[in-house]
>>> print(open('upload_34.cif').read())   # mmCIF, C-alpha atoms
data_input
#
loop_
_atom_site.label_atom_id
_atom_site.label_comp_id
_atom_site.auth_asym_id
_atom_site.auth_seq_id
_atom_site.Cartn_x
_atom_site.Cartn_y
_atom_site.Cartn_z
CA MET Q 228 -8.91 12.04 -1.37
CA VAL Q 229 -12.33 10.86 -2.51
CA TRP Q 230 -13.79 7.88 -0.67
CA LEU Q 231 -16.76 6.15 -2.33
CA THR Q 232 -18.66 3.91 0.06
CA GLY Q 233 -21.77 1.88 -0.64
CA LEU Q 234 -23.28 -1.52 -1.21
CA SER Q 235 -22.10 -3.98 -3.81
CA GLY Q 236 -23.66 -3.02 -7.13
CA ALA Q 237 -24.34 0.57 -6.02
CA GLY Q 238 -22.21 1.96 -8.84
CA LYS Q 239 -19.02 2.89 -6.93
CA SER Q 240 -16.55 1.48 -9.46
CA THR Q 241 -18.41 2.95 -12.42
CA ILE Q 242 -18.29 6.40 -10.85
CA ALA Q 243 -14.64 6.00 -9.80
CA ASP Q 244 -13.63 4.95 -13.31
CA ALA Q 245 -15.31 8.04 -14.75
CA LEU Q 246 -14.03 10.37 -12.04
CA GLY Q 247 -10.36 9.40 -12.54
CA PRO Q 248 -10.03 10.75 -16.12
CA THR Q 249 -12.09 13.83 -15.24
CA LEU Q 250 -9.70 14.76 -12.44
CA ARG Q 251 -6.65 13.97 -14.59
CA ALA Q 252 -8.02 16.35 -17.21
CA ARG Q 253 -7.98 19.00 -14.48
CA GLY Q 254 -4.25 18.45 -14.08
CA LEU Q 255 -4.27 16.20 -11.02
CA ALA Q 256 -2.23 13.05 -10.53
CA VAL Q 257 -4.85 10.44 -9.71
CA GLU Q 258 -4.84 6.85 -8.50
CA VAL Q 259 -8.05 4.86 -8.28
CA LEU Q 260 -7.91 2.21 -5.55
CA ASP Q 261 -10.65 -0.33 -6.06
CA GLY Q 262 -11.61 -2.41 -3.05
CA ASP Q 263 -11.54 -5.67 -4.99
CA VAL Q 264 -8.13 -4.92 -6.51
CA VAL Q 265 -6.73 -3.93 -3.15
CA ARG Q 266 -8.04 -7.14 -1.62
CA THR Q 267 -6.09 -9.08 -4.24
CA HIS Q 268 -2.84 -7.20 -3.72
CA LEU Q 269 -2.86 -6.26 -0.05
CA SER Q 270 -5.41 -8.36 1.72
CA LYS Q 271 -5.31 -11.86 0.28
CA GLY Q 272 -6.26 -14.15 3.11
CA LEU Q 273 -8.49 -11.65 4.86
CA GLY Q 274 -12.11 -12.67 5.17
CA PHE Q 275 -15.31 -10.75 5.71
CA SER Q 276 -15.56 -10.55 9.48
CA ARG Q 277 -15.84 -7.04 10.87
CA GLU Q 278 -12.19 -7.19 11.94
CA ASP Q 279 -10.98 -8.27 8.52
CA ARG Q 280 -13.15 -5.73 6.70
CA ASP Q 281 -11.81 -2.98 8.94
CA LEU Q 282 -8.22 -4.15 8.41
CA ASN Q 283 -8.78 -3.96 4.65
CA VAL Q 284 -10.11 -0.41 4.96
CA LEU Q 285 -7.16 0.64 7.11
CA ARG Q 286 -4.71 -0.82 4.59
CA ILE Q 287 -6.37 1.19 1.85
CA ALA Q 288 -6.10 4.25 4.10
CA PHE Q 289 -2.39 3.58 4.72
CA VAL Q 290 -1.64 3.43 0.99
CA ALA Q 291 -3.92 6.39 0.24
CA HIS Q 292 -2.12 8.45 2.87
CA LEU Q 293 1.31 7.65 1.35
CA LEU Q 294 0.04 8.73 -2.06
CA SER Q 295 -1.87 11.79 -0.95
CA ARG Q 296 1.00 13.25 1.03
CA ASN Q 297 2.98 13.07 -2.22
CA GLY Q 298 0.42 15.13 -4.09
CA VAL Q 299 -1.60 12.30 -5.59
CA THR Q 300 -5.38 12.53 -5.49
CA VAL Q 301 -6.69 9.12 -4.48
CA VAL Q 302 -10.12 7.86 -5.41
CA VAL Q 303 -11.12 4.88 -3.28
CA SER Q 304 -14.01 2.68 -4.25
CA ALA Q 305 -14.75 0.19 -1.49
CA ILE Q 306 -17.85 -1.09 0.30
CA SER Q 307 -16.20 -0.09 3.60
CA PRO Q 308 -19.34 -0.92 5.57
CA TYR Q 309 -18.33 0.26 9.04
CA ARG Q 310 -18.56 3.90 9.99
CA ALA Q 311 -15.77 3.79 12.57
CA ALA Q 312 -13.21 2.46 10.06
CA ARG Q 313 -14.15 5.15 7.54
CA GLU Q 314 -13.85 7.79 10.25
CA GLU Q 315 -10.41 6.43 11.13
CA ALA Q 316 -9.42 6.70 7.45
CA ARG Q 317 -10.67 10.30 7.45
CA ARG Q 318 -8.71 11.08 10.60
CA ARG Q 319 -5.49 9.73 9.11
CA ILE Q 320 -5.77 11.31 5.70
CA GLY Q 321 -7.03 14.81 6.37
CA ALA Q 322 -8.52 16.18 3.15
CA PHE Q 323 -11.24 13.59 2.85
CA VAL Q 324 -14.38 13.78 0.75
CA GLU Q 325 -16.73 10.95 1.63
CA VAL Q 326 -19.20 10.02 -1.07
CA ALA Q 327 -22.19 7.90 -0.15
CA VAL Q 328 -23.13 5.93 -3.25
CA ALA Q 329 -26.54 5.10 -1.95
CA PRO Q 330 -29.24 3.74 -4.18
CA PRO Q 331 -31.91 1.76 -2.31
CA LEU Q 332 -30.87 -1.81 -1.53
CA GLU Q 333 -33.75 -3.00 -3.73
CA ALA Q 334 -32.13 -1.31 -6.74
CA CYS Q 335 -28.80 -3.07 -6.07
CA ILE Q 336 -30.62 -6.39 -5.81
CA ALA Q 337 -32.52 -5.68 -9.04
CA ARG Q 338 -29.33 -4.74 -10.93
CA ASP Q 339 -27.10 -7.40 -9.35
CA PRO Q 340 -24.41 -7.00 -12.04
CA LYS Q 341 -22.26 -9.84 -10.69
CA GLY Q 342 -25.11 -12.14 -9.65
CA LEU Q 343 -23.93 -11.88 -6.04
CA TYR Q 344 -27.21 -10.83 -4.46
CA ALA Q 345 -28.98 -13.84 -5.96
CA LYS Q 346 -26.39 -16.09 -4.35
CA ALA Q 347 -26.41 -14.18 -1.08
CA LEU Q 348 -30.21 -14.28 -0.83
CA ALA Q 349 -30.04 -18.02 -1.53
CA GLY Q 350 -27.66 -18.33 1.40
CA GLU Q 351 -24.72 -19.28 -0.78
CA ILE Q 352 -22.54 -16.33 0.31
CA PRO Q 353 -22.22 -15.80 4.05
CA ALA Q 354 -21.72 -12.31 5.50
CA PHE Q 355 -22.83 -10.44 2.40
CA THR Q 356 -23.14 -6.71 3.05
CA GLY Q 357 -26.74 -5.52 2.97
CA VAL Q 358 -28.16 -9.03 3.06
CA SER Q 359 -26.55 -10.90 5.92
CA ASP Q 360 -23.92 -8.42 7.10
CA PRO Q 361 -24.31 -4.80 8.27
CA TYR Q 362 -23.85 -1.64 6.25
CA GLU Q 363 -23.59 1.58 8.22
CA PRO Q 364 -24.34 4.52 5.92
CA PRO Q 365 -22.41 7.75 6.42
CA LEU Q 366 -24.20 10.19 8.71
CA ALA Q 367 -22.84 13.34 7.07
CA PRO Q 368 -21.10 12.50 3.79
CA GLU Q 369 -19.74 15.38 1.76
CA VAL Q 370 -21.68 13.99 -1.22
CA HIS Q 371 -24.78 11.78 -1.29
CA LEU Q 372 -25.69 10.12 -4.58
CA ASP Q 373 -28.80 8.11 -5.32
CA THR Q 374 -27.62 6.35 -8.45
CA THR Q 375 -31.17 5.38 -9.36
CA GLN Q 376 -31.96 9.09 -9.79
CA ILE Q 377 -28.84 10.42 -11.57
CA ASP Q 378 -26.52 9.21 -14.32
CA VAL Q 379 -22.77 8.68 -14.04
CA GLN Q 380 -21.88 12.06 -15.50
CA THR Q 381 -24.09 13.86 -13.00
CA ALA Q 382 -22.53 11.85 -10.18
CA VAL Q 383 -19.06 12.84 -11.34
CA ASP Q 384 -20.12 16.48 -11.65
CA ARG Q 385 -21.44 16.48 -8.09
CA ILE Q 386 -18.17 15.12 -6.74
CA VAL Q 387 -16.11 17.60 -8.76
CA LEU Q 388 -18.27 20.41 -7.41
CA ALA Q 389 -17.68 19.21 -3.84
CA LEU Q 390 -13.93 19.20 -4.49
CA GLU Q 391 -14.08 22.69 -5.99
CA GLU Q 392 -16.09 24.05 -3.07
CA ARG Q 393 -13.41 22.79 -0.71
CA GLY Q 394 -10.58 24.33 -2.71
CA HIS Q 395 -9.12 21.02 -3.87
CA LEU Q 396 -9.31 21.93 -7.56
CA GLY Q 397 -8.01 24.89 -9.52
CA ALA Q 398 -10.14 26.69 -12.08
CA PRO Q 399 -11.51 24.40 -14.80
CA MET E 6 13.32 2.77 -6.48
CA VAL E 7 16.04 1.62 -4.11
CA TRP E 8 15.59 -1.81 -2.53
CA LEU E 9 17.80 -2.61 0.46
CA THR E 10 17.95 -6.31 1.22
CA GLY E 11 19.95 -8.05 3.92
CA LEU E 12 19.91 -9.84 7.23
CA SER E 13 18.40 -8.47 10.41
CA GLY E 14 20.93 -6.11 11.98
CA ALA E 15 22.83 -5.60 8.72
CA GLY E 16 22.22 -1.85 8.78
CA LYS E 17 19.42 -1.52 6.23
CA SER E 18 17.21 0.85 8.24
CA THR E 19 20.15 3.02 9.29
CA ILE E 20 21.17 3.45 5.65
CA ALA E 21 17.59 4.02 4.50
CA ASP E 22 17.05 6.69 7.16
CA ALA E 23 20.19 8.51 6.00
CA LEU E 24 19.47 8.04 2.30
CA GLY E 25 15.97 9.57 2.50
CA PRO E 26 17.06 13.10 3.49
CA THR E 27 20.00 12.96 1.05
CA LEU E 28 17.68 12.25 -1.85
CA ARG E 29 15.17 14.87 -0.70
CA ALA E 30 18.00 17.40 -0.67
CA ARG E 31 18.50 16.53 -4.34
CA GLY E 32 14.92 17.56 -5.03
CA LEU E 33 13.27 14.17 -5.08
CA ALA E 34 10.01 13.21 -3.41
CA VAL E 35 10.98 10.23 -1.26
CA GLU E 36 9.14 7.64 0.81
CA VAL E 37 11.02 5.16 2.96
CA LEU E 38 9.12 1.89 3.38
CA ASP E 39 10.52 -0.08 6.28
CA GLY E 40 9.78 -3.78 6.34
CA ASP E 41 8.73 -3.76 9.99
CA VAL E 42 6.43 -0.78 9.52
CA VAL E 43 4.88 -2.30 6.43
CA ARG E 44 4.28 -5.52 8.33
CA THR E 45 2.33 -3.56 10.91
CA HIS E 46 0.19 -1.69 8.42
CA LEU E 47 -0.21 -4.09 5.53
CA SER E 48 0.71 -7.54 6.70
CA LYS E 49 -0.57 -8.01 10.23
CA GLY E 50 -1.38 -11.67 10.54
CA LEU E 51 1.25 -12.83 8.07
CA GLY E 52 3.90 -15.10 9.52
CA PHE E 53 7.39 -16.04 8.46
CA SER E 54 6.83 -18.95 6.13
CA ARG E 55 8.29 -18.52 2.65
CA GLU E 56 4.80 -17.86 1.30
CA ASP E 57 4.06 -15.18 3.88
CA ARG E 58 7.46 -13.53 3.49
CA ASP E 59 6.96 -13.42 -0.27
CA LEU E 60 3.45 -11.99 0.13
CA ASN E 61 4.88 -9.25 2.33
CA VAL E 62 7.51 -8.42 -0.30
CA LEU E 63 4.90 -8.31 -3.06
CA ARG E 64 2.71 -5.98 -1.00
CA ILE E 65 5.65 -3.65 -0.56
CA ALA E 66 6.23 -3.87 -4.32
CA PHE E 67 2.56 -3.05 -5.00
CA VAL E 68 2.71 0.10 -2.86
CA ALA E 69 6.15 1.06 -4.19
CA HIS E 70 4.85 0.77 -7.75
CA LEU E 71 1.86 3.04 -7.03
CA LEU E 72 4.22 5.63 -5.56
CA SER E 73 6.98 5.37 -8.15
CA ARG E 74 4.62 5.76 -11.09
CA ASN E 75 3.57 9.03 -9.51
CA GLY E 76 7.12 10.32 -9.41
CA VAL E 77 8.01 9.31 -5.86
CA THR E 78 11.38 7.69 -5.23
CA VAL E 79 10.81 4.78 -2.89
CA VAL E 80 13.48 3.43 -0.56
CA VAL E 81 12.56 -0.02 0.70
CA SER E 82 14.35 -1.54 3.66
CA ALA E 83 13.29 -5.15 4.12
CA ILE E 84 15.04 -8.46 4.77
CA SER E 85 13.28 -9.85 1.65
CA PRO E 86 15.20 -13.10 1.85
CA TYR E 87 14.04 -14.81 -1.33
CA ARG E 88 15.60 -13.94 -4.67
CA ALA E 89 12.54 -14.82 -6.73
CA ALA E 90 10.30 -12.38 -4.83
CA ARG E 91 12.87 -9.58 -5.20
CA GLU E 92 13.11 -10.33 -8.91
CA GLU E 93 9.32 -10.15 -9.17
CA ALA E 94 9.42 -6.76 -7.44
CA ARG E 95 12.07 -5.63 -9.94
CA ARG E 96 9.97 -6.86 -12.85
CA ARG E 97 6.92 -4.93 -11.66
CA ILE E 98 8.62 -1.70 -10.80
CA GLY E 99 11.09 -1.12 -13.62
CA ALA E 100 13.73 1.36 -12.44
CA PHE E 101 15.05 -0.79 -9.62
CA VAL E 102 18.35 -0.43 -7.81
CA GLU E 103 18.97 -3.44 -5.60
CA VAL E 104 21.34 -2.85 -2.71
CA ALA E 105 22.83 -5.84 -0.93
CA VAL E 106 23.48 -4.74 2.64
CA ALA E 107 25.81 -7.61 3.31
CA PRO E 108 28.07 -7.67 6.31
CA PRO E 109 29.12 -11.20 7.32
CA LEU E 110 26.49 -13.01 9.38
CA GLU E 111 28.95 -13.11 12.27
CA ALA E 112 28.97 -9.31 12.36
CA CYS E 113 25.17 -9.20 12.56
CA ILE E 114 25.25 -11.71 15.39
CA ALA E 115 27.92 -9.70 17.21
CA ARG E 116 26.00 -6.41 16.85
CA ASP E 117 22.55 -7.90 17.44
CA PRO E 118 20.97 -4.48 18.10
CA LYS E 119 17.56 -5.91 19.01
CA GLY E 120 18.81 -9.01 20.81
CA LEU E 121 17.08 -11.18 18.23
CA TYR E 122 20.04 -13.34 17.25
CA ALA E 123 20.61 -14.34 20.85
CA LYS E 124 17.00 -15.49 21.06
CA ALA E 125 17.11 -17.16 17.64
CA LEU E 126 20.32 -19.03 18.47
CA ALA E 127 18.72 -20.15 21.73
CA GLY E 128 15.85 -21.55 19.69
CA GLU E 129 13.37 -19.02 21.03
CA ILE E 130 12.51 -17.54 17.61
CA PRO E 131 11.61 -20.05 14.93
CA ALA E 132 12.36 -19.37 11.25
CA PHE E 133 14.84 -16.57 11.90
CA THR E 134 16.58 -15.48 8.70
CA GLY E 135 20.26 -16.42 8.64
CA VAL E 136 19.95 -18.73 11.64
CA SER E 137 17.08 -21.11 11.03
CA ASP E 138 15.59 -19.75 7.81
CA PRO E 139 17.22 -19.13 4.41
CA TYR E 140 18.66 -15.92 3.05
CA GLU E 141 19.39 -15.84 -0.65
CA PRO E 142 21.85 -13.04 -1.40
CA PRO E 143 21.43 -11.08 -4.63
CA LEU E 144 23.54 -12.49 -7.47
CA ALA E 145 24.08 -9.19 -9.25
CA PRO E 146 22.95 -6.28 -7.07
CA GLU E 147 23.47 -2.78 -8.41
CA VAL E 148 25.25 -1.96 -5.13
CA HIS E 149 27.01 -4.27 -2.67
CA LEU E 150 27.83 -2.89 0.77
CA ASP E 151 29.83 -4.58 3.48
CA THR E 152 28.77 -2.47 6.43
CA THR E 153 31.66 -3.73 8.55
CA GLN E 154 34.04 -2.02 6.09
CA ILE E 155 32.29 1.31 5.40
CA ASP E 156 30.37 3.87 7.42
CA VAL E 157 26.80 5.04 6.80
CA GLN E 158 27.82 8.12 4.83
CA THR E 159 29.96 6.05 2.47
CA ALA E 160 27.11 3.61 2.02
CA VAL E 161 24.75 6.47 1.14
CA ASP E 162 27.32 7.94 -1.28
CA ARG E 163 27.68 4.61 -3.07
CA ILE E 164 23.91 4.34 -3.56
CA VAL E 165 23.66 7.94 -4.75
CA LEU E 166 26.47 7.25 -7.25
CA ALA E 167 24.63 4.20 -8.54
CA LEU E 168 21.49 6.32 -9.02
CA GLU E 169 23.47 9.03 -10.80
CA GLU E 170 25.14 6.51 -13.11
CA ARG E 171 21.72 5.26 -14.15
CA GLY E 172 20.37 8.75 -14.81
CA HIS E 173 17.93 8.75 -11.88
CA LEU E 174 19.34 11.96 -10.38
CA GLY E 175 19.94 15.39 -11.82
CA ALA E 176 23.17 17.31 -11.22
CA PRO E 177 24.00 17.76 -7.51
#
>>> encode(input="upload_34.cif", output="structure tokens")
Amino acid sequence: MVWLTGLSGAGKSTIADALGPTLRARGLAVEVLDGDVVRTHLSKGLGFSREDRDLNVLRIAFVAHLLSRNGVTVVVSAISPYRAAREEARRRIGAFVEVAVAPPLEACIARDPKGLYAKALAGEIPAFTGVSDPYEPPLAPEVHLDTTQIDVQTAVDRIVLALEERGHLGAP
Amino acid sequence: MVWLTGLSGAGKSTIADALGPTLRARGLAVEVLDGDVVRTHLSKGLGFSREDRDLNVLRIAFVAHLLSRNGVTVVVSAISPYRAAREEARRRIGAFVEVAVAPPLEACIARDPKGLYAKALAGEIPAFTGVSDPYEPPLAPEVHLDTTQIDVQTAVDRIVLALEERGHLGAP
């Protein structure tokens, strides 16, 4: 179970999409659960209050737990801004590698791949994480990635190394 | 993928709980998804309108699909009253064995294990399937079980036979 948390535009999905094939090449069954996709399928109707964000995270954790106890390695990519909800996910799932995808906020605003920060800063999106809604960074993530300093391949390598060190991967 | 549909009190959960271990004994990885449990974990806040019931069914289908494409046999036990939503689940999942758990309504009312029919008939539960809300029985289920005529073991045997006939199980 790899849980990527970070701001919008931090690079979570890009890393998750590269990590999936890398882990499959190591013989693992892998499912990538993207926060946006999960919102569509499991959390339509939920908003962006703390309660609704936490509910969304716990639904992802429920599905991830069902998969992981059947031998599937789950890669979650979700803003998941609240520490307590991530800790609850960790508690439920067990083998949990938390990855802080943590470029500086300024870098996310500068990249703004979906144009969301521009809208949020203009007040057009309420409760936008990092701008008008809290983000609680992990205090002790298994992996910390500043995606302004490293490329995607290096990020993937760092996560794979963390999995190897914890005995979650066989020999390459 | 085995999908048990039927009225409240029809015997779906009892059959699902007996089917799970039987299939595991045949070497399958099995997850039983109970409609009530799924409502707690994935659909808190959804009500009992047609739209909300269908959303709940599609969420179950989403999770079942993730599991089944990773080699897990999923047994769903859910009222799932609307035919179109069940057909959509079938379309998404592929190998789909629909089981109509279909005692006469009168038998469900007489058994009423949770006391819900008494409340529904007294008008205390609105939109109760079979009393004040529709149930659309399957037109061509792979298995049809009248649980007033057969016991749990026979019901399980009939489902196992249907799985064998479709090549979903190896030799016993």
>>> closest_residue(input="upload_34.cif", among="E:Gly172, E:Ala112, E:Val68, E:Phe53", to="Ser137 of chain E", atoms="only C-alpha atoms")
E:Phe53
>>> resolve_selection(input="upload_34.cif", expression="the PyMOL selection byres ((chain E and resi 87-93) around 12)", output="ChimeraX atom specification")
/E:7-12,53-67,70,81,83-86,94-99,101-105,134-135,138-146
>>> calpha_fit_and_write(input="upload_34.cif", fixed="chain Q", moving="chain E", output="short mmCIF file (atom, residue, chain, number, x, y, z; two decimals) with C-alpha atoms, in the frame of the given file")
data_model
loop_
_atom_site.label_atom_id
_atom_site.label_comp_id
_atom_site.auth_asym_id
_atom_site.auth_seq_id
_atom_site.Cartn_x
_atom_site.Cartn_y
_atom_site.Cartn_z
CA MET E 6 -8.92 12.06 -1.38
CA VAL E 7 -12.34 10.87 -2.50
CA TRP E 8 -13.79 7.87 -0.68
CA LEU E 9 -16.75 6.14 -2.33
CA THR E 10 -18.66 3.91 0.05
CA GLY E 11 -21.78 1.88 -0.65
CA LEU E 12 -23.28 -1.52 -1.21
CA SER E 13 -22.10 -4.00 -3.80
CA GLY E 14 -23.65 -3.03 -7.13
CA ALA E 15 -24.33 0.55 -6.04
CA GLY E 16 -22.19 1.98 -8.84
CA LYS E 17 -19.02 2.89 -6.95
CA SER E 18 -16.54 1.47 -9.47
CA THR E 19 -18.40 2.94 -12.44
CA ILE E 20 -18.27 6.39 -10.85
CA ALA E 21 -14.64 5.99 -9.80
CA ASP E 22 -13.62 4.94 -13.31
CA ALA E 23 -15.31 8.04 -14.75
CA LEU E 24 -14.03 10.37 -12.04
CA GLY E 25 -10.36 9.40 -12.55
CA PRO E 26 -10.02 10.74 -16.11
CA THR E 27 -12.08 13.84 -15.23
CA LEU E 28 -9.70 14.75 -12.44
CA ARG E 29 -6.64 13.98 -14.58
CA ALA E 30 -8.02 16.36 -17.20
CA ARG E 31 -7.99 19.01 -14.47
CA GLY E 32 -4.26 18.47 -14.05
CA LEU E 33 -4.28 16.22 -11.02
CA ALA E 34 -2.23 13.08 -10.52
CA VAL E 35 -4.86 10.46 -9.70
CA GLU E 36 -4.85 6.86 -8.50
CA VAL E 37 -8.06 4.86 -8.28
CA LEU E 38 -7.91 2.20 -5.56
CA ASP E 39 -10.65 -0.34 -6.07
CA GLY E 40 -11.62 -2.42 -3.07
CA ASP E 41 -11.54 -5.69 -5.00
CA VAL E 42 -8.13 -4.95 -6.50
CA VAL E 43 -6.73 -3.93 -3.15
CA ARG E 44 -8.03 -7.15 -1.64
CA THR E 45 -6.08 -9.08 -4.24
CA HIS E 46 -2.83 -7.22 -3.73
CA LEU E 47 -2.86 -6.27 -0.07
CA SER E 48 -5.42 -8.37 1.70
CA LYS E 49 -5.32 -11.87 0.27
CA GLY E 50 -6.27 -14.16 3.10
CA LEU E 51 -8.49 -11.64 4.86
CA GLY E 52 -12.12 -12.66 5.16
CA PHE E 53 -15.32 -10.77 5.72
CA SER E 54 -15.55 -10.55 9.47
CA ARG E 55 -15.84 -7.03 10.86
CA GLU E 56 -12.20 -7.19 11.94
CA ASP E 57 -10.99 -8.27 8.51
CA ARG E 58 -13.15 -5.73 6.69
CA ASP E 59 -11.80 -2.99 8.94
CA LEU E 60 -8.22 -4.16 8.40
CA ASN E 61 -8.79 -3.97 4.65
CA VAL E 62 -10.12 -0.41 4.96
CA LEU E 63 -7.16 0.64 7.10
CA ARG E 64 -4.72 -0.83 4.58
CA ILE E 65 -6.37 1.19 1.85
CA ALA E 66 -6.11 4.24 4.11
CA PHE E 67 -2.40 3.56 4.71
CA VAL E 68 -1.66 3.43 0.97
CA ALA E 69 -3.94 6.39 0.23
CA HIS E 70 -2.11 8.44 2.85
CA LEU E 71 1.31 7.64 1.35
CA LEU E 72 0.03 8.73 -2.06
CA SER E 73 -1.89 11.80 -0.96
CA ARG E 74 1.01 13.24 1.01
CA ASN E 75 2.98 13.07 -2.21
CA GLY E 76 0.42 15.13 -4.08
CA VAL E 77 -1.61 12.30 -5.60
CA THR E 78 -5.39 12.53 -5.48
CA VAL E 79 -6.69 9.12 -4.48
CA VAL E 80 -10.14 7.85 -5.42
CA VAL E 81 -11.12 4.88 -3.28
CA SER E 82 -14.02 2.67 -4.26
CA ALA E 83 -14.76 0.18 -1.50
CA ILE E 84 -17.87 -1.09 0.29
CA SER E 85 -16.21 -0.08 3.60
CA PRO E 86 -19.34 -0.91 5.57
CA TYR E 87 -18.33 0.26 9.03
CA ARG E 88 -18.55 3.92 9.97
CA ALA E 89 -15.79 3.78 12.57
CA ALA E 90 -13.22 2.47 10.07
CA ARG E 91 -14.16 5.16 7.53
CA GLU E 92 -13.84 7.79 10.25
CA GLU E 93 -10.40 6.43 11.13
CA ALA E 94 -9.42 6.70 7.46
CA ARG E 95 -10.67 10.31 7.46
CA ARG E 96 -8.70 11.08 10.60
CA ARG E 97 -5.48 9.73 9.10
CA ILE E 98 -5.76 11.30 5.71
CA GLY E 99 -7.02 14.82 6.36
CA ALA E 100 -8.52 16.19 3.14
CA PHE E 101 -11.25 13.59 2.84
CA VAL E 102 -14.39 13.79 0.74
CA GLU E 103 -16.74 10.95 1.63
CA VAL E 104 -19.21 10.02 -1.08
CA ALA E 105 -22.21 7.91 -0.15
CA VAL E 106 -23.13 5.93 -3.26
CA ALA E 107 -26.55 5.10 -1.96
CA PRO E 108 -29.24 3.73 -4.20
CA PRO E 109 -31.91 1.77 -2.31
CA LEU E 110 -30.88 -1.80 -1.52
CA GLU E 111 -33.73 -3.01 -3.71
CA ALA E 112 -32.13 -1.32 -6.71
CA CYS E 113 -28.81 -3.07 -6.05
CA ILE E 114 -30.62 -6.38 -5.79
CA ALA E 115 -32.50 -5.70 -9.03
CA ARG E 116 -29.32 -4.74 -10.93
CA ASP E 117 -27.09 -7.38 -9.34
CA PRO E 118 -24.39 -6.99 -12.02
CA LYS E 119 -22.24 -9.83 -10.67
CA GLY E 120 -25.08 -12.12 -9.62
CA LEU E 121 -23.92 -11.88 -6.02
CA TYR E 122 -27.21 -10.83 -4.44
CA ALA E 123 -28.97 -13.83 -5.93
CA LYS E 124 -26.36 -16.09 -4.34
CA ALA E 125 -26.39 -14.17 -1.05
CA LEU E 126 -30.19 -14.29 -0.82
CA ALA E 127 -30.03 -18.02 -1.52
CA GLY E 128 -27.66 -18.33 1.43
CA GLU E 129 -24.72 -19.28 -0.76
CA ILE E 130 -22.54 -16.32 0.31
CA PRO E 131 -22.22 -15.80 4.04
CA ALA E 132 -21.74 -12.31 5.52
CA PHE E 133 -22.84 -10.44 2.40
CA THR E 134 -23.15 -6.71 3.05
CA GLY E 135 -26.75 -5.50 2.97
CA VAL E 136 -28.17 -9.03 3.06
CA SER E 137 -26.55 -10.90 5.92
CA ASP E 138 -23.92 -8.42 7.11
CA PRO E 139 -24.30 -4.80 8.26
CA TYR E 140 -23.85 -1.64 6.25
CA GLU E 141 -23.60 1.57 8.21
CA PRO E 142 -24.36 4.52 5.92
CA PRO E 143 -22.41 7.74 6.41
CA LEU E 144 -24.20 10.20 8.70
CA ALA E 145 -22.84 13.33 7.07
CA PRO E 146 -21.10 12.50 3.79
CA GLU E 147 -19.73 15.38 1.75
CA VAL E 148 -21.68 14.00 -1.23
CA HIS E 149 -24.78 11.79 -1.29
CA LEU E 150 -25.69 10.12 -4.58
CA ASP E 151 -28.79 8.11 -5.33
CA THR E 152 -27.63 6.35 -8.46
CA THR E 153 -31.18 5.38 -9.40
CA GLN E 154 -31.95 9.10 -9.81
CA ILE E 155 -28.83 10.42 -11.58
CA ASP E 156 -26.52 9.20 -14.32
CA VAL E 157 -22.75 8.68 -14.04
CA GLN E 158 -21.86 12.07 -15.50
CA THR E 159 -24.08 13.86 -12.99
CA ALA E 160 -22.54 11.85 -10.19
CA VAL E 161 -19.05 12.83 -11.34
CA ASP E 162 -20.09 16.49 -11.64
CA ARG E 163 -21.44 16.50 -8.08
CA ILE E 164 -18.15 15.12 -6.73
CA VAL E 165 -16.10 17.59 -8.76
CA LEU E 166 -18.28 20.42 -7.39
CA ALA E 167 -17.69 19.21 -3.84
CA LEU E 168 -13.93 19.21 -4.49
CA GLU E 169 -14.07 22.69 -5.98
CA GLU E 170 -16.09 24.04 -3.05
CA ARG E 171 -13.41 22.78 -0.69
CA GLY E 172 -10.57 24.32 -2.69
CA HIS E 173 -9.12 21.00 -3.87
CA LEU E 174 -9.30 21.93 -7.56
CA GLY E 175 -8.01 24.89 -9.50
CA ALA E 176 -10.14 26.72 -12.08
CA PRO E 177 -11.52 24.41 -14.81
#
>>> resolve_selection(input="upload_34.cif", expression="the PyMOL selection byres ((chain Q) within 10 of (chain E))", output="list in words")
Ala256, Val257, Glu258, Leu260, Val265, Thr267, His268, Leu269, Ser270, Lys271, Gly272, Leu273, Leu282, Asn283, Leu285, Arg286, Ile287, Ala288, Phe289, Val290, Ala291, Leu293, Leu294, Ser295, Arg296, Asn297, Gly298 and Val299 of chain Q
>>> atom_distance(input="upload_34.cif", atom1="atom CA of Ser82 of chain E", atom2="atom CA of Val165 of chain E")
15.7 Å
>>> resolve_selection(input="upload_34.cif", expression="the PyMOL selection byres ((chain Q and resi 342-350) around 12)", output="list in words")
Leu234, Ser235, Gly236, Ala237, Leu332, Glu333, Ala334, Cys335, Ile336, Ala337, Arg338, Asp339, Pro340, Lys341, Glu351, Ile352, Pro353, Ala354, Phe355, Thr356, Gly357, Val358, Ser359 and Asp360 of chain Q
>>> write_last_selection(input="upload_34.cif", atoms="C-alpha atoms", output="compact mmCIF listing (two decimals), keeping the file's coordinate frame")
# COMPACT_ATOMS: atom_id res chain seq x y z
CA LEU Q 234 -23.28 -1.52 -1.21
CA SER Q 235 -22.10 -3.98 -3.81
CA GLY Q 236 -23.66 -3.02 -7.13
CA ALA Q 237 -24.34 0.57 -6.02
CA LEU Q 332 -30.87 -1.81 -1.53
CA GLU Q 333 -33.75 -3.00 -3.73
CA ALA Q 334 -32.13 -1.31 -6.74
CA CYS Q 335 -28.80 -3.07 -6.07
CA ILE Q 336 -30.62 -6.39 -5.81
CA ALA Q 337 -32.52 -5.68 -9.04
CA ARG Q 338 -29.33 -4.74 -10.93
CA ASP Q 339 -27.10 -7.40 -9.35
CA PRO Q 340 -24.41 -7.00 -12.04
CA LYS Q 341 -22.26 -9.84 -10.69
CA GLU Q 351 -24.72 -19.28 -0.78
CA ILE Q 352 -22.54 -16.33 0.31
CA PRO Q 353 -22.22 -15.80 4.05
CA ALA Q 354 -21.72 -12.31 5.50
CA PHE Q 355 -22.83 -10.44 2.40
CA THR Q 356 -23.14 -6.71 3.05
CA GLY Q 357 -26.74 -5.52 2.97
CA VAL Q 358 -28.16 -9.03 3.06
CA SER Q 359 -26.55 -10.90 5.92
CA ASP Q 360 -23.92 -8.42 7.10
